[in-house]
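**Q** Structure: final-v9.pdb, PDB, C-alpha atoms and all ligand atoms.
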ATOM      1  CA  MET A   1     -11.364   6.208 -17.330
ATOM      2  CA  ARG A   2      -8.939   8.369 -19.263
ATOM      3  CA  PRO A   3     -10.261   9.471 -22.628
ATOM      4  CA  VAL A   4      -6.686  10.112 -23.765
ATOM      5  CA  THR A   5      -5.950   6.381 -24.005
ATOM      6  CA  ALA A   6      -7.524   5.629 -27.373
ATOM      7  CA  ALA A   7      -6.043   8.746 -28.959
ATOM      8  CA  LEU A   8      -2.613   7.960 -27.586
ATOM      9  CA  LEU A   9      -2.677   4.400 -28.860
ATOM     10  CA  THR A  10      -4.008   5.514 -32.217
ATOM     11  CA  SER A  11      -1.158   7.971 -32.608
ATOM     12  CA  LEU A  12       1.357   5.254 -31.745
ATOM     13  CA  LEU A  13      -0.172   2.942 -34.323
ATOM     14  CA  PHE A  14      -0.444   5.575 -37.038
ATOM     15  CA  ALA A  15       3.252   6.217 -36.548
ATOM     16  CA  THR A  16       3.812   2.667 -37.846
ATOM     17  CA  ALA A  17       1.616   3.155 -40.893
ATOM     18  CA  ALA A  18       3.583   6.272 -41.813
ATOM     19  CA  PHE A  19       6.645   4.208 -42.736
ATOM     20  CA  ALA A  20       7.137   3.963 -46.464
ATOM     21  CA  ALA A  21      10.023   1.512 -46.263
ATOM     22  CA  ASP A  22      11.270  -1.172 -43.925
ATOM     23  CA  PRO A  23      14.693  -1.077 -42.296
ATOM     24  CA  THR A  24      17.478  -3.076 -43.948
ATOM     25  CA  GLN A  25      20.086  -3.455 -41.179
ATOM     26  CA  PRO A  26      19.636  -6.696 -39.198
ATOM     27  CA  GLU A  27      19.478  -4.977 -35.783
ATOM     28  CA  ALA A  28      16.965  -2.413 -37.024
ATOM     29  CA  ILE A  29      14.844  -5.145 -38.627
ATOM     30  CA  GLU A  30      14.658  -7.000 -35.302
ATOM     31  CA  ARG A  31      13.771  -3.807 -33.434
ATOM     32  CA  ALA A  32      10.987  -2.989 -35.892
ATOM     33  CA  LYS A  33       9.678  -6.562 -35.738
ATOM     34  CA  LEU A  34       9.432  -6.518 -31.954
ATOM     35  CA  MET A  35       7.874  -3.049 -31.826
ATOM     36  CA  LYS A  36       5.364  -3.949 -34.529
ATOM     37  CA  GLU A  37       4.320  -6.969 -32.506
ATOM     38  CA  ILE A  38       3.927  -4.736 -29.460
ATOM     39  CA  GLY A  39       1.926  -2.240 -31.528
ATOM     40  CA  LEU A  40      -0.409  -4.814 -33.024
ATOM     41  CA  THR A  41      -0.963  -6.522 -29.677
ATOM     42  CA  SER A  42      -1.723  -3.189 -28.012
ATOM     43  CA  LYS A  43      -4.199  -2.525 -30.796
ATOM     44  CA  ILE A  44      -6.102  -5.739 -29.992
ATOM     45  CA  LEU A  45      -6.393  -4.653 -26.356
ATOM     46  CA  GLY A  46      -7.162  -1.048 -27.290
ATOM     47  CA  GLU A  47     -10.033  -2.139 -29.530
ATOM     48  CA  MET A  48     -11.532  -4.270 -26.763
ATOM     49  CA  ALA A  49     -11.138  -1.387 -24.334
ATOM     50  CA  SER A  50     -12.930   1.040 -26.651
ATOM     51  CA  GLY A  51     -15.692  -1.402 -27.601
ATOM     52  CA  LYS A  52     -14.559  -1.419 -31.234
ATOM     53  CA  ALA A  53     -13.996  -5.165 -30.813
ATOM     54  CA  PRO A  54     -15.962  -7.475 -28.504
ATOM     55  CA  TYR A  55     -14.390  -8.287 -25.152
ATOM     56  CA  GLU A  56     -12.944 -11.795 -25.131
ATOM     57  CA  ALA A  57     -11.282 -12.930 -21.938
ATOM     58  CA  ALA A  58      -8.996 -15.531 -23.527
ATOM     59  CA  ALA A  59      -7.831 -13.210 -26.311
ATOM     60  CA  ALA A  60      -7.204 -10.411 -23.815
ATOM     61  CA  GLU A  61      -5.177 -12.668 -21.574
ATOM     62  CA  ALA A  62      -3.211 -13.996 -24.577
ATOM     63  CA  ALA A  63      -2.452 -10.429 -25.670
ATOM     64  CA  LYS A  64      -1.281  -9.578 -22.170
ATOM     65  CA  THR A  65       1.056 -12.593 -22.211
ATOM     66  CA  VAL A  66       2.493 -11.472 -25.574
ATOM     67  CA  LEU A  67       3.079  -7.946 -24.236
ATOM     68  CA  ILE A  68       4.883  -9.201 -21.140
ATOM     69  CA  ALA A  69       7.094 -11.491 -23.236
ATOM     70  CA  ALA A  70       7.794  -8.741 -25.769
ATOM     71  CA  ALA A  71       8.673  -6.277 -23.004
ATOM     72  CA  GLY A  72      11.138  -8.847 -21.698
ATOM     73  CA  GLN A  73      12.828  -8.976 -25.114
ATOM     74  CA  ILE A  74      13.360  -5.234 -25.555
ATOM     75  CA  ASP A  75      16.731  -5.066 -23.759
ATOM     76  CA  THR A  76      18.104  -8.016 -25.754
ATOM     77  CA  VAL A  77      16.810  -6.827 -29.113
ATOM     78  CA  PHE A  78      17.981  -3.226 -28.545
ATOM     79  CA  ALA A  79      21.335  -4.120 -26.937
ATOM     80  CA  THR A  80      23.358  -3.572 -30.123
ATOM     81  CA  ALA A  81      22.852  -0.446 -32.218
ATOM     82  CA  GLY A  82      24.190  -2.017 -35.412
ATOM     83  CA  ALA A  83      25.037  -0.074 -38.518
ATOM     84  CA  ASP A  84      23.184   3.123 -39.368
ATOM     85  CA  ASP A  85      19.820   2.404 -40.916
ATOM     86  CA  PRO A  86      18.129   5.264 -42.769
ATOM     87  CA  VAL A  87      14.655   4.014 -41.824
ATOM     88  CA  SER A  88      15.340   3.272 -38.159
ATOM     89  CA  GLU A  89      13.908   5.735 -35.675
ATOM     90  CA  ALA A  90      16.074   4.558 -32.808
ATOM     91  CA  LEU A  91      18.001   7.491 -31.327
ATOM     92  CA  PRO A  92      21.682   7.116 -30.335
ATOM     93  CA  ALA A  93      20.700   8.165 -26.789
ATOM     94  CA  ILE A  94      19.485   4.585 -26.262
ATOM     95  CA  TRP A  95      23.073   3.384 -26.116
ATOM     96  CA  THR A  96      24.512   6.353 -24.238
ATOM     97  CA  SER A  97      21.717   6.211 -21.611
ATOM     98  CA  TRP A  98      21.322   2.450 -21.600
ATOM     99  CA  GLU A  99      20.430   2.170 -17.910
ATOM    100  CA  ASP A 100      17.590   4.651 -18.261
ATOM    101  CA  PHE A 101      16.418   2.917 -21.428
ATOM    102  CA  THR A 102      16.221  -0.407 -19.550
ATOM    103  CA  THR A 103      14.343   1.316 -16.717
ATOM    104  CA  LYS A 104      11.771   2.389 -19.299
ATOM    105  CA  SER A 105      11.517  -1.071 -20.838
ATOM    106  CA  ALA A 106      11.043  -2.475 -17.323
ATOM    107  CA  GLY A 107       8.335   0.132 -16.675
ATOM    108  CA  PHE A 108       6.480  -1.099 -19.729
ATOM    109  CA  GLY A 109       6.899  -4.720 -18.547
ATOM    110  CA  GLN A 110       5.449  -3.815 -15.157
ATOM    111  CA  ALA A 111       2.519  -1.964 -16.714
ATOM    112  CA  ALA A 112       1.790  -4.982 -18.933
ATOM    113  CA  ALA A 113       2.057  -7.383 -15.991
ATOM    114  CA  ALA A 114      -0.355  -5.225 -13.975
ATOM    115  CA  LEU A 115      -3.011  -5.271 -16.713
ATOM    116  CA  ASP A 116      -6.307  -6.618 -15.392
ATOM    117  CA  THR A 117      -7.971  -8.380 -18.327
ATOM    118  CA  SER A 118     -11.184  -9.299 -16.496
ATOM    119  CA  SER A 119     -13.353  -6.782 -18.387
ATOM    120  CA  ALA A 120     -13.215  -4.165 -21.140
ATOM    121  CA  GLU A 121     -13.323  -1.492 -18.429
ATOM    122  CA  THR A 122     -10.315  -2.842 -16.544
ATOM    123  CA  ILE A 123      -8.405  -3.213 -19.818
ATOM    124  CA  LYS A 124      -9.190   0.407 -20.607
ATOM    125  CA  ALA A 125      -7.803   1.496 -17.256
ATOM    126  CA  GLY A 126      -4.651  -0.591 -17.703
ATOM    127  CA  MET A 127      -4.079   0.604 -21.262
ATOM    128  CA  GLY A 128      -3.739   4.135 -19.913
ATOM    129  CA  THR A 129      -0.711   3.075 -17.893
ATOM    130  CA  ILE A 130       0.677   0.938 -20.703
ATOM    131  CA  GLY A 131       0.246   3.736 -23.251
ATOM    132  CA  ALA A 132       2.049   6.116 -20.921
ATOM    133  CA  SER A 133       4.947   3.657 -20.664
ATOM    134  CA  CYS A 134       5.256   3.481 -24.480
ATOM    135  CA  LYS A 135       5.239   7.253 -24.632
ATOM    136  CA  ALA A 136       7.786   7.619 -21.822
ATOM    137  CA  CYS A 137      10.285   5.696 -23.927
ATOM    138  CA  HIS A 138       9.356   6.965 -27.399
ATOM    139  CA  SER A 139       9.517  10.611 -26.339
ATOM    140  CA  VAL A 140      13.199  10.221 -25.415
ATOM    141  CA  TYR A 141      14.512   7.376 -27.552
ATOM    142  CA  ARG A 142      12.522   7.375 -30.777
ATOM    143  CA  GLU A 143      12.803   9.955 -33.575
TER     144      GLU A 143
HETATM  145  C1  LIG A 201      12.017   1.072 -23.721
HETATM  146  C2  LIG A 201      11.604   1.837 -24.873
HETATM  147  C3  LIG A 201      10.329   1.567 -25.603
HETATM  148  C4  LIG A 201       9.106   1.152 -25.102
HETATM  149  C5  LIG A 201       8.725   0.886 -23.653
HETATM  150  C6  LIG A 201       8.226   1.054 -26.227
HETATM  151  N1  LIG A 201       8.868   1.375 -27.379
HETATM  152 FE1  LIG A 201       8.110   1.332 -29.266
HETATM  153  N2  LIG A 201       9.887   1.915 -30.029
HETATM  154  C7  LIG A 201      11.013   2.239 -29.306
HETATM  155  C8  LIG A 201      12.077   2.662 -30.186
HETATM  156  C9  LIG A 201      13.467   3.099 -29.774
HETATM  157  C10 LIG A 201      11.557   2.575 -31.496
HETATM  158  C11 LIG A 201      12.311   2.867 -32.813
HETATM  159  C12 LIG A 201      13.040   1.588 -33.235
HETATM  160  C13 LIG A 201      13.745   1.710 -34.570
HETATM  161  O1  LIG A 201      13.175   2.346 -35.489
HETATM  162  O2  LIG A 201      14.845   1.135 -34.727
HETATM  163  C14 LIG A 201      10.178   2.109 -31.361
HETATM  164  C15 LIG A 201       9.309   1.883 -32.428
HETATM  165  C16 LIG A 201       7.983   1.545 -32.308
HETATM  166  C17 LIG A 201       7.091   1.332 -33.427
HETATM  167  C18 LIG A 201       7.450   1.423 -34.896
HETATM  168  C19 LIG A 201       7.878   0.045 -35.377
HETATM  169  C20 LIG A 201       8.273   0.045 -36.834
HETATM  170  O3  LIG A 201       7.414  -0.191 -37.676
HETATM  171  O4  LIG A 201       9.444   0.309 -37.117
HETATM  172  C21 LIG A 201       5.853   1.036 -32.890
HETATM  173  C22 LIG A 201       4.580   0.723 -33.643
HETATM  174  C23 LIG A 201       5.990   1.046 -31.452
HETATM  175  N3  LIG A 201       7.310   1.342 -31.126
HETATM  176  C24 LIG A 201       4.956   0.803 -30.578
HETATM  177  C25 LIG A 201       5.105   0.737 -29.186
HETATM  178  C26 LIG A 201       3.999   0.556 -28.274
HETATM  179  C27 LIG A 201       2.530   0.452 -28.670
HETATM  180  C28 LIG A 201       4.551   0.503 -27.023
HETATM  181  C29 LIG A 201       3.852   0.302 -25.702
HETATM  182  C30 LIG A 201       2.787  -0.669 -25.630
HETATM  183  C31 LIG A 201       5.989   0.685 -27.169
HETATM  184  N4  LIG A 201       6.281   0.829 -28.500
HETATM  185  C32 LIG A 201       6.887   0.694 -26.115
HETATM  186  C33 LIG A 201      11.136   2.160 -27.933
HETATM  187  C34 LIG A 201      10.165   1.722 -27.048
END
Would you mind writing the structure in this file as structure tokens?
Ligand code: HEC
**A**
Amino acid sequence: MRPVTAALLTSLLFATAAFAADPTQPEAIERAKLMKEIGLTSKILGEMASGKAPYEAAAAEAAKTVLIAAAGQIDTVFATAGADDPVSEALPAIWTSWEDFTTKSAGFGQAAAALDTSSAETIKAGMGTIGASCKACHSVYRE
């Protein structure tokens, strides 16, 4: 297993907590809502993977389903930049490199779909790939 997984997910989640304010532009609000859902759902899986929460097959499978659905919504929710929002961390490169952005959202969808929820160990393995797919997008398209 990759020990980097928990640290990576923790850093992604702490990034959320660092926000003092919420976005005010409608497009930015929708983006934050979707990403927060993805963050919280990843946290459920991450805690099962690390043993911080007990492994529960049904909850793991439900979380996987939420991640797949959320991944499928990224392109729709991010399609329009909307007006500048001081809180939004979305970089303009999203809309100038749209095809690459959608490749990255698809990569996340594939990683989520490939997640094997049959044990805490398999979740841990899958979360490595999923965490890498979050990072692949954030490192280019998020402030
Ligand atoms: C295809 C690109 C992409 C993928 C994949 C992606 N994200 Fe994001 N994420 C973004 C962008 C862009 C933002 C900034 C949006 C904004 O502020 O308008 C963001 C913001 C966030 C936020 C902050 C939400 C808030 O409170 O405003 C969290 C948390 C987050 N992502 C978690 C994740 C996690 C966890 C994963 C993987 C399981 C993931 N993201 C996958 C692009 C992506």
**Q** So that each row is one residue of chain A with an atom at most 7 Å from ligand LIG 201 (chain A), can you give its shortest atom pair and the distance in Å to one decimal, using all atoms listed in the file, rows by chain and rising number, as JSON lines?
**A**
{"residue": "A:Leu9", "atom": "CA", "partner": "A:LIG201", "partner_atom": "C27", "distance": 6.5}
{"residue": "A:Leu12", "atom": "CA", "partner": "A:LIG201", "partner_atom": "C27", "distance": 5.8}
{"residue": "A:Leu13", "atom": "CA", "partner": "A:LIG201", "partner_atom": "C22", "distance": 5.3}
{"residue": "A:Ala15", "atom": "CA", "partner": "A:LIG201", "partner_atom": "C22", "distance": 6.4}
{"residue": "A:Thr16", "atom": "CA", "partner": "A:LIG201", "partner_atom": "O3", "distance": 4.6}
{"residue": "A:Phe19", "atom": "CA", "partner": "A:LIG201", "partner_atom": "O3", "distance": 6.7}
{"residue": "A:Ala28", "atom": "CA", "partner": "A:LIG201", "partner_atom": "O2", "distance": 4.7}
{"residue": "A:Arg31", "atom": "CA", "partner": "A:LIG201", "partner_atom": "O2", "distance": 5.2}
{"residue": "A:Ala32", "atom": "CA", "partner": "A:LIG201", "partner_atom": "O4", "distance": 3.8}
{"residue": "A:Lys33", "atom": "CA", "partner": "A:LIG201", "partner_atom": "C20", "distance": 6.8}
{"residue": "A:Met35", "atom": "CA", "partner": "A:LIG201", "partner_atom": "N3", "distance": 4.5}
{"residue": "A:Lys36", "atom": "CA", "partner": "A:LIG201", "partner_atom": "C19", "distance": 4.8}
{"residue": "A:Ile38", "atom": "CA", "partner": "A:LIG201", "partner_atom": "C26", "distance": 5.4}
{"residue": "A:Gly39", "atom": "CA", "partner": "A:LIG201", "partner_atom": "C27", "distance": 4.0}
{"residue": "A:Ser42", "atom": "CA", "partner": "A:LIG201", "partner_atom": "C27", "distance": 5.6}
{"residue": "A:Ile74", "atom": "CA", "partner": "A:LIG201", "partner_atom": "C1", "distance": 6.7}
{"residue": "A:Val87", "atom": "CA", "partner": "A:LIG201", "partner_atom": "O1", "distance": 6.7}
{"residue": "A:Ser88", "atom": "CA", "partner": "A:LIG201", "partner_atom": "O1", "distance": 3.6}
{"residue": "A:Glu89", "atom": "CA", "partner": "A:LIG201", "partner_atom": "O1", "distance": 3.5}
{"residue": "A:Ala90", "atom": "CA", "partner": "A:LIG201", "partner_atom": "C13", "distance": 4.1}
{"residue": "A:Leu91", "atom": "CA", "partner": "A:LIG201", "partner_atom": "C9", "distance": 6.5}
{"residue": "A:Phe101", "atom": "CA", "partner": "A:LIG201", "partner_atom": "C1", "distance": 5.3}
{"residue": "A:Thr102", "atom": "CA", "partner": "A:LIG201", "partner_atom": "C1", "distance": 6.1}
{"residue": "A:Lys104", "atom": "CA", "partner": "A:LIG201", "partner_atom": "C1", "distance": 4.6}
{"residue": "A:Ser105", "atom": "CA", "partner": "A:LIG201", "partner_atom": "C1", "distance": 3.6}
{"residue": "A:Phe108", "atom": "CA", "partner": "A:LIG201", "partner_atom": "C5", "distance": 4.9}
{"residue": "A:Ile130", "atom": "CA", "partner": "A:LIG201", "partner_atom": "C30", "distance": 5.6}
{"residue": "A:Gly131", "atom": "CA", "partner": "A:LIG201", "partner_atom": "C29", "distance": 5.6}
{"residue": "A:Ser133", "atom": "CA", "partner": "A:LIG201", "partner_atom": "C5", "distance": 5.6}
{"residue": "A:Cys134", "atom": "CA", "partner": "A:LIG201", "partner_atom": "C32", "distance": 3.6}
{"residue": "A:Lys135", "atom": "CA", "partner": "A:LIG201", "partner_atom": "C32", "distance": 6.9}
{"residue": "A:Cys137", "atom": "CA", "partner": "A:LIG201", "partner_atom": "C2", "distance": 4.2}
{"residue": "A:His138", "atom": "CA", "partner": "A:LIG201", "partner_atom": "C33", "distance": 5.2}
{"residue": "A:Tyr141", "atom": "CA", "partner": "A:LIG201", "partner_atom": "C9", "distance": 4.9}
{"residue": "A:Arg142", "atom": "CA", "partner": "A:LIG201", "partner_atom": "C9", "distance": 4.5}
**Q** Restricting the calculation to all atoms listed in the file, which member of A:Ala111, A:Glu143, A:Met127, A:Asp84 is positioned closest to Lys43 of chain A?
**A** A:Met127
**Q** Expanded to explicit residues, what is the PyMOL selection byres (((chain A and resi 123) around 12) and not hetatm) for this file, as a PyMOL selection string?
**A** chain A and resi 1-2+5-6+42-51+55-57+59-61+63-64+111-122+124-131
**Q** Atom CA of Leu34 of chain A and atom CA of Thr96 of chain A, how far apart in Å?
**A**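 According to the coordinates, atom CA of Thr96 of chain A and atom CA of Leu34 of chain A are separated by 21.3 Å.
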**Q** Calculate how many Å separate atom CA of Ala53 of chain A from atom CA of Ala132 of chain A, rounding to one decimal.
**A**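 Separation of atom CA of Ala53 of chain A and atom CA of Ala132 of chain A: 22.0 Å.
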**Q** Work out how far atom CA of Ala79 of chain A is from atom CA of Glu27 of chain A, in Å to one decimal.
**A** 9.1 Å
**Q** Any idea what's packed within 9 Å of Glu37 of chain A, counting all atoms listed in the file, ignoring anything in its chain fewer than 6 positions away? Could you give it as a tab-separated table (two decimals) with C-alpha atoms, in the frame of the given file?
**A**
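part-v4.tsv written:
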chain	number	residue	atom	x	y	z
A	66	VAL	CA	2.49	-11.47	-25.57
A	67	LEU	CA	3.08	-7.95	-24.24
A	70	ALA	CA	7.79	-8.74	-25.77
**Q** For segment 100-123 of chain A of the structure just presented, write N, CA and C atoms to a file, as a PDB file, in the first residue's frame.
**A**
ATOM      1  N   ASP A 100      -8.380  19.130 -22.046  1.00  0.00           N
ATOM      2  CA  ASP A 100      -7.505  18.486 -21.061  1.00  0.00           C
ATOM      3  C   ASP A 100      -8.212  18.403 -19.702  1.00  0.00           C
ATOM      4  N   PHE A 101      -8.946  19.449 -19.370  1.00  0.00           N
ATOM      5  CA  PHE A 101      -9.685  19.440 -18.104  1.00  0.00           C
ATOM      6  C   PHE A 101     -10.662  18.249 -18.089  1.00  0.00           C
ATOM      7  N   THR A 102     -11.377  18.045 -19.195  1.00  0.00           N
ATOM      8  CA  THR A 102     -12.344  16.941 -19.243  1.00  0.00           C
ATOM      9  C   THR A 102     -11.640  15.583 -19.244  1.00  0.00           C
ATOM     10  N   THR A 103     -10.422  15.529 -19.772  1.00  0.00           N
ATOM     11  CA  THR A 103      -9.644  14.290 -19.697  1.00  0.00           C
ATOM     12  C   THR A 103      -9.344  13.977 -18.235  1.00  0.00           C
ATOM     13  N   LYS A 104      -9.042  15.021 -17.468  1.00  0.00           N
ATOM     14  CA  LYS A 104      -8.738  14.828 -16.046  1.00  0.00           C
ATOM     15  C   LYS A 104      -9.986  14.465 -15.238  1.00  0.00           C
ATOM     16  N   SER A 105     -11.117  15.045 -15.587  1.00  0.00           N
ATOM     17  CA  SER A 105     -12.345  14.667 -14.876  1.00  0.00           C
ATOM     18  C   SER A 105     -12.705  13.214 -15.216  1.00  0.00           C
ATOM     19  N   ALA A 106     -12.472  12.819 -16.477  1.00  0.00           N
ATOM     20  CA  ALA A 106     -12.728  11.438 -16.871  1.00  0.00           C
ATOM     21  C   ALA A 106     -11.777  10.479 -16.151  1.00  0.00           C
ATOM     22  N   GLY A 107     -10.539  10.905 -15.966  1.00  0.00           N
ATOM     23  CA  GLY A 107      -9.554  10.087 -15.244  1.00  0.00           C
ATOM     24  C   GLY A 107     -10.006   9.823 -13.819  1.00  0.00           C
ATOM     25  N   PHE A 108     -10.554  10.849 -13.198  1.00  0.00           N
ATOM     26  CA  PHE A 108     -11.093  10.687 -11.845  1.00  0.00           C
ATOM     27  C   PHE A 108     -12.287   9.720 -11.874  1.00  0.00           C
ATOM     28  N   GLY A 109     -13.166   9.873 -12.871  1.00  0.00           N
ATOM     29  CA  GLY A 109     -14.326   8.976 -12.986  1.00  0.00           C
ATOM     30  C   GLY A 109     -13.901   7.519 -13.136  1.00  0.00           C
ATOM     31  N   GLN A 110     -12.849   7.314 -13.930  1.00  0.00           N
ATOM     32  CA  GLN A 110     -12.354   5.945 -14.140  1.00  0.00           C
ATOM     33  C   GLN A 110     -11.740   5.383 -12.866  1.00  0.00           C
ATOM     34  N   ALA A 111     -11.004   6.228 -12.153  1.00  0.00           N
ATOM     35  CA  ALA A 111     -10.388   5.776 -10.893  1.00  0.00           C
ATOM     36  C   ALA A 111     -11.475   5.420  -9.880  1.00  0.00           C
ATOM     37  N   ALA A 112     -12.542   6.213  -9.840  1.00  0.00           N
ATOM     38  CA  ALA A 112     -13.645   5.935  -8.911  1.00  0.00           C
ATOM     39  C   ALA A 112     -14.354   4.639  -9.308  1.00  0.00           C
ATOM     40  N   ALA A 113     -14.570   4.463 -10.607  1.00  0.00           N
ATOM     41  CA  ALA A 113     -15.263   3.265 -11.091  1.00  0.00           C
ATOM     42  C   ALA A 113     -14.445   2.002 -10.818  1.00  0.00           C
ATOM     43  N   ALA A 114     -13.121   2.151 -10.799  1.00  0.00           N
ATOM     44  CA  ALA A 114     -12.241   0.993 -10.599  1.00  0.00           C
ATOM     45  C   ALA A 114     -12.072   0.636  -9.122  1.00  0.00           C
ATOM     46  N   LEU A 115     -12.605   1.483  -8.228  1.00  0.00           N
ATOM     47  CA  LEU A 115     -12.418   1.236  -6.796  1.00  0.00           C
ATOM     48  C   LEU A 115     -13.051  -0.095  -6.373  1.00  0.00           C
ATOM     49  N   ASP A 116     -12.246  -0.924  -5.745  1.00  0.00           N
ATOM     50  CA  ASP A 116     -12.716  -2.209  -5.223  1.00  0.00           C
ATOM     51  C   ASP A 116     -13.050  -2.002  -3.748  1.00  0.00           C
ATOM     52  N   THR A 117     -14.348  -2.051  -3.421  1.00  0.00           N
ATOM     53  CA  THR A 117     -14.767  -1.739  -2.051  1.00  0.00           C
ATOM     54  C   THR A 117     -14.878  -2.984  -1.170  1.00  0.00           C
ATOM     55  N   SER A 118     -14.321  -4.110  -1.608  1.00  0.00           N
ATOM     56  CA  SER A 118     -14.551  -5.356  -0.874  1.00  0.00           C
ATOM     57  C   SER A 118     -13.815  -5.471   0.464  1.00  0.00           C
ATOM     58  N   SER A 119     -12.845  -4.599   0.721  1.00  0.00           N
ATOM     59  CA  SER A 119     -12.187  -4.599   2.033  1.00  0.00           C
ATOM     60  C   SER A 119     -11.503  -3.254   2.254  1.00  0.00           C
ATOM     61  N   ALA A 120     -11.121  -2.982   3.491  1.00  0.00           N
ATOM     62  CA  ALA A 120     -10.400  -1.739   3.789  1.00  0.00           C
ATOM     63  C   ALA A 120      -9.099  -1.672   2.997  1.00  0.00           C
ATOM     64  N   GLU A 121      -8.452  -2.826   2.834  1.00  0.00           N
ATOM     65  CA  GLU A 121      -7.182  -2.885   2.102  1.00  0.00           C
ATOM     66  C   GLU A 121      -7.354  -2.511   0.636  1.00  0.00           C
ATOM     67  N   THR A 122      -8.405  -3.050   0.009  1.00  0.00           N
ATOM     68  CA  THR A 122      -8.608  -2.741  -1.416  1.00  0.00           C
ATOM     69  C   THR A 122      -9.023  -1.278  -1.582  1.00  0.00           C
ATOM     70  N   ILE A 123      -9.760  -0.757  -0.607  1.00  0.00           N
ATOM     71  CA  ILE A 123     -10.139   0.667  -0.676  1.00  0.00           C
ATOM     72  C   ILE A 123      -8.875   1.519  -0.599  1.00  0.00           C
TER      73      ILE A 123
END
